[in-house]
Amino acid sequence: MKLTEMHQQIRETTRRFAQEVIRPVAEELDREERFPAGIYTQMGELGLFGITVPEAYGGAGLDVTAYALVMEELSRGYASVADQCGLLELVGTLLSIHGSDAQRARYMEPLLRAQLRPAYCITEADAGTDVSGIRTTATRTATGWELTGAKLWIHNAPVADVAFVLARTDPAAGRRGMSIFIVDCALAGVSKGPKEHKMGQRASQVGELHFDRVKLPADALLGVEGRGFHIMMSVLDKGRVGIAALAVGIAQAGLEAALDYAQTRKQFGSHLAEFQGIQWMLADMATDIQAARLLVHDAAERLQNGERASIACSMAKCFAGDTAVKHSANAVQIFGGSGYIRGYEVERLYRDAKITQIYEGTNQIQRTIVARDLINHGASL
(Lines give C-alpha, C1' and ligand atoms only; values in the text may rest on other atoms or scores of the structure.)
Protein backbone atom coordinates (compact mmCIF):
# COMPACT_ATOMS: atom_id res chain seq x y z
CA MET A 1 0.00 0.00 0.00
CA LYS A 2 1.20 3.50 -0.84
CA LEU A 3 1.16 5.87 2.12
CA THR A 4 -0.77 9.10 1.76
CA GLU A 5 0.74 12.50 2.54
CA MET A 6 -1.12 12.42 5.86
CA HIS A 7 0.39 9.03 6.70
CA GLN A 8 3.88 10.26 5.85
CA GLN A 9 3.46 13.37 7.99
CA ILE A 10 2.29 11.51 11.07
CA ARG A 11 5.05 8.93 10.62
CA GLU A 12 7.72 11.63 10.42
CA THR A 13 6.28 13.56 13.38
CA THR A 14 6.17 10.44 15.54
CA ARG A 15 9.63 9.34 14.39
CA ARG A 16 11.15 12.67 15.45
CA PHE A 17 9.41 12.47 18.80
CA ALA A 18 10.68 8.94 19.35
CA GLN A 19 14.23 9.82 18.32
CA GLU A 20 14.50 13.10 20.22
CA VAL A 21 12.37 12.46 23.32
CA ILE A 22 11.92 8.73 23.91
CA ARG A 23 15.09 7.00 22.80
CA PRO A 24 17.53 9.09 24.89
CA VAL A 25 15.82 7.99 28.14
CA ALA A 26 14.76 4.46 27.16
CA GLU A 27 17.66 2.76 28.92
CA GLU A 28 17.08 4.78 32.11
CA LEU A 29 13.34 4.02 32.12
CA ASP A 30 14.04 0.32 31.56
CA ARG A 31 16.66 0.17 34.30
CA GLU A 32 14.46 1.95 36.85
CA GLU A 33 11.22 0.25 35.70
CA ARG A 34 9.72 3.72 35.86
CA PHE A 35 6.45 4.84 34.32
CA PRO A 36 7.32 7.44 31.62
CA ALA A 37 5.20 10.20 33.16
CA GLY A 38 6.78 13.14 31.35
CA ILE A 39 6.67 11.43 27.97
CA TYR A 40 3.09 10.32 28.67
CA THR A 41 2.05 13.95 29.19
CA GLN A 42 3.81 15.08 26.01
CA MET A 43 2.07 12.34 24.00
CA GLY A 44 -1.28 13.62 25.19
CA GLU A 45 -0.34 17.16 24.23
CA LEU A 46 0.80 16.03 20.76
CA GLY A 47 -2.43 14.12 20.12
CA LEU A 48 -0.77 10.68 19.99
CA PHE A 49 -3.59 9.10 21.99
CA GLY A 50 -6.87 8.10 20.37
CA ILE A 51 -5.53 8.09 16.82
CA THR A 52 -8.71 6.56 15.33
CA VAL A 53 -11.14 8.10 17.83
CA PRO A 54 -13.44 10.55 15.99
CA GLU A 55 -12.54 14.22 16.24
CA ALA A 56 -16.00 14.91 17.65
CA TYR A 57 -14.96 12.94 20.74
CA GLY A 58 -11.52 14.50 21.05
CA GLY A 59 -9.46 12.02 19.04
CA ALA A 60 -7.34 12.53 15.93
CA GLY A 61 -9.99 10.99 13.66
CA LEU A 62 -7.41 9.15 11.55
CA ASP A 63 -7.46 5.64 10.12
CA VAL A 64 -6.06 2.33 11.39
CA THR A 65 -2.99 2.61 9.14
CA ALA A 66 -2.09 5.88 10.85
CA TYR A 67 -2.43 4.11 14.21
CA ALA A 68 -0.11 1.32 13.03
CA LEU A 69 2.48 3.86 11.85
CA VAL A 70 2.41 5.66 15.19
CA MET A 71 2.81 2.39 17.08
CA GLU A 72 5.79 1.32 14.96
CA GLU A 73 7.60 4.63 15.29
CA LEU A 74 7.02 4.92 19.04
CA SER A 75 8.28 1.38 19.48
CA ARG A 76 11.49 2.18 17.61
CA GLY A 77 12.08 4.59 20.48
CA TYR A 78 10.88 2.27 23.26
CA ALA A 79 8.12 -0.34 23.16
CA SER A 80 6.95 0.49 26.70
CA VAL A 81 5.90 3.92 25.45
CA ALA A 82 4.12 2.46 22.43
CA ASP A 83 2.17 0.26 24.87
CA GLN A 84 0.59 3.40 26.31
CA CYS A 85 -0.57 4.50 22.87
CA GLY A 86 -2.07 1.06 22.27
CA LEU A 87 -3.85 1.04 25.61
CA LEU A 88 -5.38 4.48 25.06
CA GLU A 89 -6.46 3.44 21.56
CA LEU A 90 -8.42 0.50 22.95
CA VAL A 91 -10.18 2.33 25.78
CA GLY A 92 -10.80 5.34 23.54
CA THR A 93 -12.41 3.06 20.96
CA LEU A 94 -14.57 1.42 23.63
CA LEU A 95 -15.76 4.79 24.89
CA SER A 96 -16.36 6.27 21.45
CA ILE A 97 -18.50 3.34 20.28
CA HIS A 98 -20.17 2.07 23.45
CA GLY A 99 -19.95 4.92 25.96
CA SER A 100 -22.89 7.14 26.85
CA ASP A 101 -22.72 10.87 26.24
CA ALA A 102 -22.15 11.36 29.98
CA GLN A 103 -19.33 8.79 30.07
CA ARG A 104 -17.59 10.33 27.07
CA ALA A 105 -17.95 13.80 28.56
CA ARG A 106 -16.46 12.64 31.85
CA TYR A 107 -13.62 10.42 30.68
CA MET A 108 -12.66 10.92 27.05
CA GLU A 109 -10.79 14.22 27.12
CA PRO A 110 -8.91 13.51 30.39
CA LEU A 111 -7.83 10.13 29.00
CA LEU A 112 -6.72 11.37 25.59
CA ARG A 113 -4.96 14.40 27.08
CA ALA A 114 -3.01 12.19 29.52
CA GLN A 115 -4.78 13.58 32.59
CA LEU A 116 -6.06 10.12 33.54
CA ARG A 117 -4.20 6.81 33.27
CA PRO A 118 -6.37 3.82 32.32
CA ALA A 119 -6.14 0.10 32.97
CA TYR A 120 -7.80 -2.48 30.73
CA CYS A 121 -8.82 -5.36 32.98
CA ILE A 122 -9.60 -8.80 31.58
CA THR A 123 -6.97 -11.29 32.75
CA GLU A 124 -7.38 -13.28 35.97
CA ALA A 125 -5.61 -16.23 37.56
CA ASP A 126 -7.89 -18.68 35.73
CA ALA A 127 -8.71 -16.52 32.74
CA GLY A 128 -5.98 -15.63 30.26
CA THR A 129 -6.43 -16.80 26.70
CA ASP A 130 -9.73 -18.36 27.82
CA VAL A 131 -11.69 -15.27 28.85
CA SER A 132 -14.69 -17.42 29.78
CA GLY A 133 -12.86 -18.36 32.99
CA ILE A 134 -13.25 -14.96 34.68
CA ARG A 135 -14.64 -14.97 38.23
CA THR A 136 -14.91 -11.25 39.01
CA THR A 137 -18.60 -10.49 39.59
CA ALA A 138 -20.81 -7.42 39.55
CA THR A 139 -24.09 -7.76 41.42
CA ARG A 140 -27.02 -5.37 41.18
CA THR A 141 -27.82 -3.27 44.23
CA ALA A 142 -30.54 -0.72 45.00
CA THR A 143 -28.27 2.10 43.79
CA GLY A 144 -26.13 0.41 41.14
CA TRP A 145 -23.60 -2.42 41.33
CA GLU A 146 -21.24 -4.16 43.73
CA LEU A 147 -17.97 -5.36 42.19
CA THR A 148 -15.87 -8.16 43.71
CA GLY A 149 -12.87 -9.98 42.30
CA ALA A 150 -9.26 -9.61 41.21
CA LYS A 151 -7.35 -9.02 37.98
CA LEU A 152 -3.66 -9.73 37.37
CA TRP A 153 -0.95 -8.82 34.85
CA ILE A 154 -2.87 -5.65 34.10
CA HIS A 155 -1.03 -2.90 32.19
CA ASN A 156 -0.88 0.34 34.19
CA ALA A 157 -2.45 -1.26 37.29
CA PRO A 158 0.18 0.28 39.64
CA VAL A 159 -0.46 3.79 38.27
CA ALA A 160 -4.07 3.60 37.04
CA ASP A 161 -6.69 6.24 37.81
CA VAL A 162 -9.58 4.47 36.09
CA ALA A 163 -10.12 0.82 35.17
CA PHE A 164 -12.26 -0.77 32.47
CA VAL A 165 -13.25 -4.05 34.11
CA LEU A 166 -14.85 -7.14 32.58
CA ALA A 167 -17.04 -8.88 35.16
CA ARG A 168 -19.80 -11.46 35.35
CA THR A 169 -23.27 -10.02 35.79
CA ASP A 170 -25.07 -13.32 35.14
CA PRO A 171 -22.94 -16.33 36.16
CA ALA A 172 -25.37 -18.75 34.50
CA ALA A 173 -25.24 -17.09 31.07
CA GLY A 174 -21.64 -17.87 30.10
CA ARG A 175 -20.15 -15.36 27.68
CA ARG A 176 -23.54 -13.65 27.40
CA GLY A 177 -23.42 -12.92 31.12
CA MET A 178 -20.43 -10.55 31.14
CA SER A 179 -20.46 -6.76 31.30
CA ILE A 180 -17.90 -3.93 31.37
CA PHE A 181 -17.67 -1.36 34.15
CA ILE A 182 -15.74 1.89 34.40
CA VAL A 183 -14.20 1.94 37.87
CA ASP A 184 -12.60 4.90 39.62
CA CYS A 185 -9.47 3.44 41.24
CA ALA A 186 -9.85 5.84 44.20
CA LEU A 187 -13.10 4.18 45.30
CA ALA A 188 -13.27 2.34 48.61
CA GLY A 189 -12.54 -1.34 48.12
CA VAL A 190 -10.18 -0.88 45.16
CA SER A 191 -6.59 -1.84 45.95
CA LYS A 192 -3.43 -2.33 43.90
CA GLY A 193 -0.96 -5.15 44.20
CA PRO A 194 2.81 -4.64 43.90
CA LYS A 195 4.43 -3.84 40.58
CA GLU A 196 5.59 -6.97 38.78
CA HIS A 197 9.26 -7.11 37.75
CA LYS A 198 9.18 -8.11 34.12
CA MET A 199 11.70 -9.51 31.67
CA GLY A 200 11.11 -6.74 29.14
CA GLN A 201 9.11 -3.60 28.43
CA ARG A 202 9.88 -2.81 32.05
CA ALA A 203 8.64 0.80 32.03
CA SER A 204 5.18 -0.42 31.03
CA GLN A 205 4.07 -1.26 34.55
CA VAL A 206 2.00 -4.37 35.24
CA GLY A 207 0.30 -5.53 38.41
CA GLU A 208 -2.88 -6.65 40.15
CA LEU A 209 -6.13 -4.83 40.87
CA HIS A 210 -8.40 -6.08 43.64
CA PHE A 211 -12.07 -5.19 44.08
CA ASP A 212 -13.58 -5.85 47.50
CA ARG A 213 -17.32 -5.15 47.36
CA VAL A 214 -16.73 -1.91 45.47
CA LYS A 215 -19.90 0.17 45.26
CA LEU A 216 -20.50 1.44 41.73
CA PRO A 217 -23.23 3.76 40.46
CA ALA A 218 -25.66 2.46 37.86
CA ASP A 219 -24.00 4.54 35.14
CA ALA A 220 -20.66 2.77 35.65
CA LEU A 221 -21.90 0.13 33.18
CA LEU A 222 -20.30 0.59 29.75
CA GLY A 223 -22.60 -0.32 26.89
CA VAL A 224 -25.27 -2.98 27.21
CA GLU A 225 -25.44 -5.39 30.14
CA GLY A 226 -24.48 -8.89 29.10
CA ARG A 227 -22.53 -7.72 26.03
CA GLY A 228 -19.21 -7.14 27.75
CA PHE A 229 -17.44 -10.15 26.25
CA HIS A 230 -18.47 -9.18 22.73
CA ILE A 231 -17.55 -5.53 23.30
CA MET A 232 -14.08 -6.43 24.57
CA MET A 233 -13.55 -8.87 21.70
CA SER A 234 -14.63 -6.23 19.17
CA VAL A 235 -11.41 -4.27 19.74
CA LEU A 236 -9.07 -7.26 19.69
CA ASP A 237 -8.36 -7.04 15.96
CA LYS A 238 -7.28 -3.42 16.33
CA GLY A 239 -5.23 -4.43 19.37
CA ARG A 240 -3.47 -7.10 17.34
CA VAL A 241 -2.65 -4.63 14.56
CA GLY A 242 -1.17 -2.36 17.22
CA ILE A 243 0.98 -5.08 18.77
CA ALA A 244 2.11 -6.24 15.33
CA ALA A 245 3.21 -2.70 14.49
CA LEU A 246 4.96 -2.43 17.86
CA ALA A 247 6.83 -5.66 17.08
CA VAL A 248 7.90 -4.26 13.70
CA GLY A 249 9.26 -1.20 15.51
CA ILE A 250 11.36 -3.36 17.83
CA ALA A 251 12.73 -5.37 14.91
CA GLN A 252 13.47 -2.22 12.88
CA ALA A 253 15.38 -0.69 15.79
CA GLY A 254 17.40 -3.90 16.06
CA LEU A 255 18.21 -3.88 12.35
CA GLU A 256 19.36 -0.25 12.47
CA ALA A 257 21.60 -0.89 15.48
CA ALA A 258 23.05 -4.06 13.96
CA LEU A 259 23.70 -2.41 10.59
CA ASP A 260 25.47 0.54 12.21
CA TYR A 261 27.59 -1.76 14.37
CA ALA A 262 28.47 -4.03 11.43
CA GLN A 263 29.68 -1.01 9.46
CA THR A 264 31.90 0.32 12.25
CA ARG A 265 33.17 -2.77 14.11
CA LYS A 266 36.30 -4.39 12.70
CA GLN A 267 37.56 -7.95 13.05
CA PHE A 268 40.50 -9.50 11.19
CA GLY A 269 41.14 -6.12 9.60
CA SER A 270 37.70 -5.82 7.98
CA HIS A 271 34.35 -4.37 8.99
CA LEU A 272 31.80 -6.98 10.02
CA ALA A 273 29.57 -5.81 7.15
CA GLU A 274 32.15 -7.12 4.69
CA PHE A 275 31.66 -10.73 5.83
CA GLN A 276 29.09 -12.66 3.82
CA GLY A 277 27.66 -14.39 6.88
CA ILE A 278 26.81 -11.02 8.45
CA GLN A 279 25.49 -9.68 5.15
CA TRP A 280 23.05 -12.56 4.86
CA MET A 281 21.83 -12.01 8.43
CA LEU A 282 21.21 -8.34 7.70
CA ALA A 283 19.45 -9.18 4.43
CA ASP A 284 17.15 -11.69 6.14
CA MET A 285 16.37 -9.17 8.88
CA ALA A 286 15.43 -6.45 6.38
CA THR A 287 13.33 -8.83 4.26
CA ASP A 288 11.33 -10.25 7.15
CA ILE A 289 10.77 -6.82 8.71
CA GLN A 290 9.42 -5.41 5.45
CA ALA A 291 7.18 -8.47 5.02
CA ALA A 292 5.85 -7.98 8.56
CA ARG A 293 5.27 -4.28 7.91
CA LEU A 294 3.29 -5.02 4.76
CA LEU A 295 1.17 -7.58 6.62
CA VAL A 296 0.42 -4.95 9.25
CA HIS A 297 -0.59 -2.35 6.67
CA ASP A 298 -2.78 -4.88 4.84
CA ALA A 299 -4.54 -5.83 8.07
CA ALA A 300 -5.00 -2.17 9.00
CA GLU A 301 -6.51 -1.33 5.63
CA ARG A 302 -8.91 -4.29 5.76
CA LEU A 303 -9.98 -3.36 9.27
CA GLN A 304 -10.50 0.28 8.29
CA ASN A 305 -12.59 -0.71 5.28
CA GLY A 306 -14.83 -3.01 7.29
CA GLU A 307 -13.64 -6.10 5.43
CA ARG A 308 -13.18 -9.57 6.92
CA ALA A 309 -10.01 -8.72 8.81
CA SER A 310 -9.51 -11.17 11.69
CA ILE A 311 -7.34 -13.59 9.71
CA ALA A 312 -5.20 -10.73 8.40
CA CYS A 313 -4.81 -9.27 11.90
CA SER A 314 -3.81 -12.65 13.33
CA MET A 315 -1.33 -13.26 10.52
CA ALA A 316 0.23 -9.85 11.04
CA LYS A 317 0.47 -10.19 14.82
CA CYS A 318 1.90 -13.72 14.64
CA PHE A 319 4.47 -13.04 11.91
CA ALA A 320 5.55 -9.67 13.31
CA GLY A 321 5.96 -11.08 16.83
CA ASP A 322 8.03 -14.00 15.57
CA THR A 323 10.08 -11.61 13.43
CA ALA A 324 10.79 -9.31 16.38
CA VAL A 325 12.02 -12.19 18.54
CA LYS A 326 14.08 -13.84 15.78
CA HIS A 327 15.78 -10.72 14.54
CA SER A 328 16.34 -8.94 17.82
CA ALA A 329 18.23 -12.15 18.66
CA ASN A 330 20.18 -11.77 15.41
CA ALA A 331 20.99 -8.18 16.34
CA VAL A 332 22.44 -9.45 19.63
CA GLN A 333 24.41 -12.06 17.68
CA ILE A 334 25.94 -9.44 15.39
CA PHE A 335 27.02 -7.41 18.43
CA GLY A 336 28.62 -10.54 19.88
CA GLY A 337 29.51 -10.38 23.57
CA SER A 338 28.64 -6.68 23.72
CA GLY A 339 25.05 -7.46 22.75
CA TYR A 340 24.66 -9.61 25.85
CA ILE A 341 25.60 -6.77 28.20
CA ARG A 342 23.03 -4.63 29.99
CA GLY A 343 23.09 -1.09 28.66
CA TYR A 344 23.37 -2.00 24.99
CA GLU A 345 20.17 -1.23 23.09
CA VAL A 346 19.98 -4.62 21.38
CA GLU A 347 19.99 -6.41 24.74
CA ARG A 348 16.88 -4.45 25.75
CA LEU A 349 15.22 -4.97 22.36
CA TYR A 350 15.68 -8.74 22.70
CA ARG A 351 13.94 -8.69 26.08
CA ASP A 352 11.22 -6.34 24.87
CA ALA A 353 10.40 -8.51 21.86
CA LYS A 354 9.34 -11.69 23.65
CA ILE A 355 6.03 -10.43 25.01
CA THR A 356 4.83 -9.66 21.46
CA GLN A 357 4.41 -13.41 21.00
CA ILE A 358 2.21 -13.58 24.11
CA TYR A 359 -0.10 -10.63 24.75
CA GLU A 360 -3.21 -9.83 22.69
CA GLY A 361 -3.47 -13.59 22.19
CA THR A 362 -0.47 -15.91 22.02
CA ASN A 363 0.99 -16.71 18.62
CA GLN A 364 -0.25 -20.27 19.04
CA ILE A 365 -3.79 -18.87 19.31
CA GLN A 366 -3.18 -16.68 16.24
CA ARG A 367 -2.20 -19.76 14.25
CA THR A 368 -5.36 -21.51 15.42
CA ILE A 369 -7.46 -18.54 14.30
CA VAL A 370 -5.80 -18.56 10.87
CA ALA A 371 -6.21 -22.32 10.47
CA ARG A 372 -9.89 -22.27 11.46
CA ASP A 373 -10.55 -19.44 9.05
CA LEU A 374 -8.89 -21.39 6.25
CA ILE A 375 -10.93 -24.49 7.05
CA ASN A 376 -14.20 -22.55 7.19
CA HIS A 377 -13.65 -20.11 4.31
CA GLY A 378 -10.99 -21.66 2.09
CA ALA A 379 -7.54 -20.50 1.08
CA SER A 380 -8.60 -17.37 -0.79
CA LEU A 381 -7.76 -14.24 1.24
# chains A, B, ... in the order shown; residues from 1 in each chain; ligands from 1
call {"tool": "select_by_dssp", "arguments": {"residues": "stretch 81-171 of chain A", "states": "alpha helix (DSSP H)", "output": "VMD selection string"}}
result
chain A and resid 81 to 98 101 to 112
call {"tool": "closest_atom_pairs", "arguments": {"of": "stretch 260-315 of chain A", "to": "stretch 225-242 of chain A", "cutoff": "8 Å", "atoms": "only C-alpha atoms", "output": "Markdown table"}}
result
| residue | atom | partner | partner_atom | distance |
| --- | --- | --- | --- | --- |
| A:Val296 | CA | A:Val241 | CA | 6.1 |
| A:Ala299 | CA | A:Val241 | CA | 6.9 |
| A:Ala300 | CA | A:Val241 | CA | 6.5 |
| A:Leu303 | CA | A:Lys238 | CA | 7.6 |
| A:Ala309 | CA | A:Asp237 | CA | 7.5 |
| A:Ser310 | CA | A:Asp237 | CA | 6.0 |
| A:Cys313 | CA | A:Val241 | CA | 5.8 |
| A:Ser314 | CA | A:Arg240 | CA | 6.9 |
call {"tool": "residues_around", "arguments": {"residues": "A:Ala160", "least_positions_apart": "5", "cutoff": "7 Å", "atoms": "only C-alpha atoms", "output": "list in words"}}
result
Arg117, Pro118, Ala119 and Cys185 of chain A
call {"tool": "residues_around", "arguments": {"residues": "A:Gly193", "least_positions_apart": "4", "cutoff": "8 Å", "atoms": "only C-alpha atoms", "output": "PyMOL selection string"}}
result
chain A and resi 158+207-210
call {"tool": "residues_around", "arguments": {"residues": "A:Val248", "least_positions_apart": "4", "cutoff": "9 Å", "atoms": "only C-alpha atoms", "output": "ChimeraX atom specification"}}
result
/A:72,75-76,243-244,252-253,289-290,292-293,296,320-321,323-324
call {"tool": "atom_distance", "arguments": {"atom1": "atom CA of A:Phe49", "atom2": "atom CA of A:Ile250"}}
result
19.9 Å
call {"tool": "select_by_dssp", "arguments": {"residues": "stretch 164-304 of chain A", "states": "strand (DSSP E)", "output": "number ranges by chain"}}
result
A: 164-168, 178-184, 190-192, 206-217, 221-222, 266-267, 270-271
call {"tool": "closest_residue", "arguments": {"among": "A:Gln201, A:Ser191, A:Thr136, A:Ser179", "to": "A:Ala157", "atoms": "only C-alpha atoms"}}
result
A:Ser191
call {"tool": "closest_residue", "arguments": {"among": "A:His297, A:Arg135, A:Ala220, A:Lys151", "to": "A:Tyr107", "atoms": "only C-alpha atoms"}}
result
A:Ala220
call {"tool": "closest_residue", "arguments": {"among": "A:Glu45, A:Ala245, A:His155, A:Arg140", "to": "A:Leu87", "atoms": "only C-alpha atoms"}}
result
A:His155
call {"tool": "atom_distance", "arguments": {"atom1": "atom CA of A:Ile369", "atom2": "atom CA of A:Gln304"}}
result
20.0 Å
call {"tool": "closest_residue", "arguments": {"among": "A:Asn156, A:Gln205, A:Thr52, A:Gln19", "to": "A:Cys121", "atoms": "only C-alpha atoms"}}
result
A:Asn156
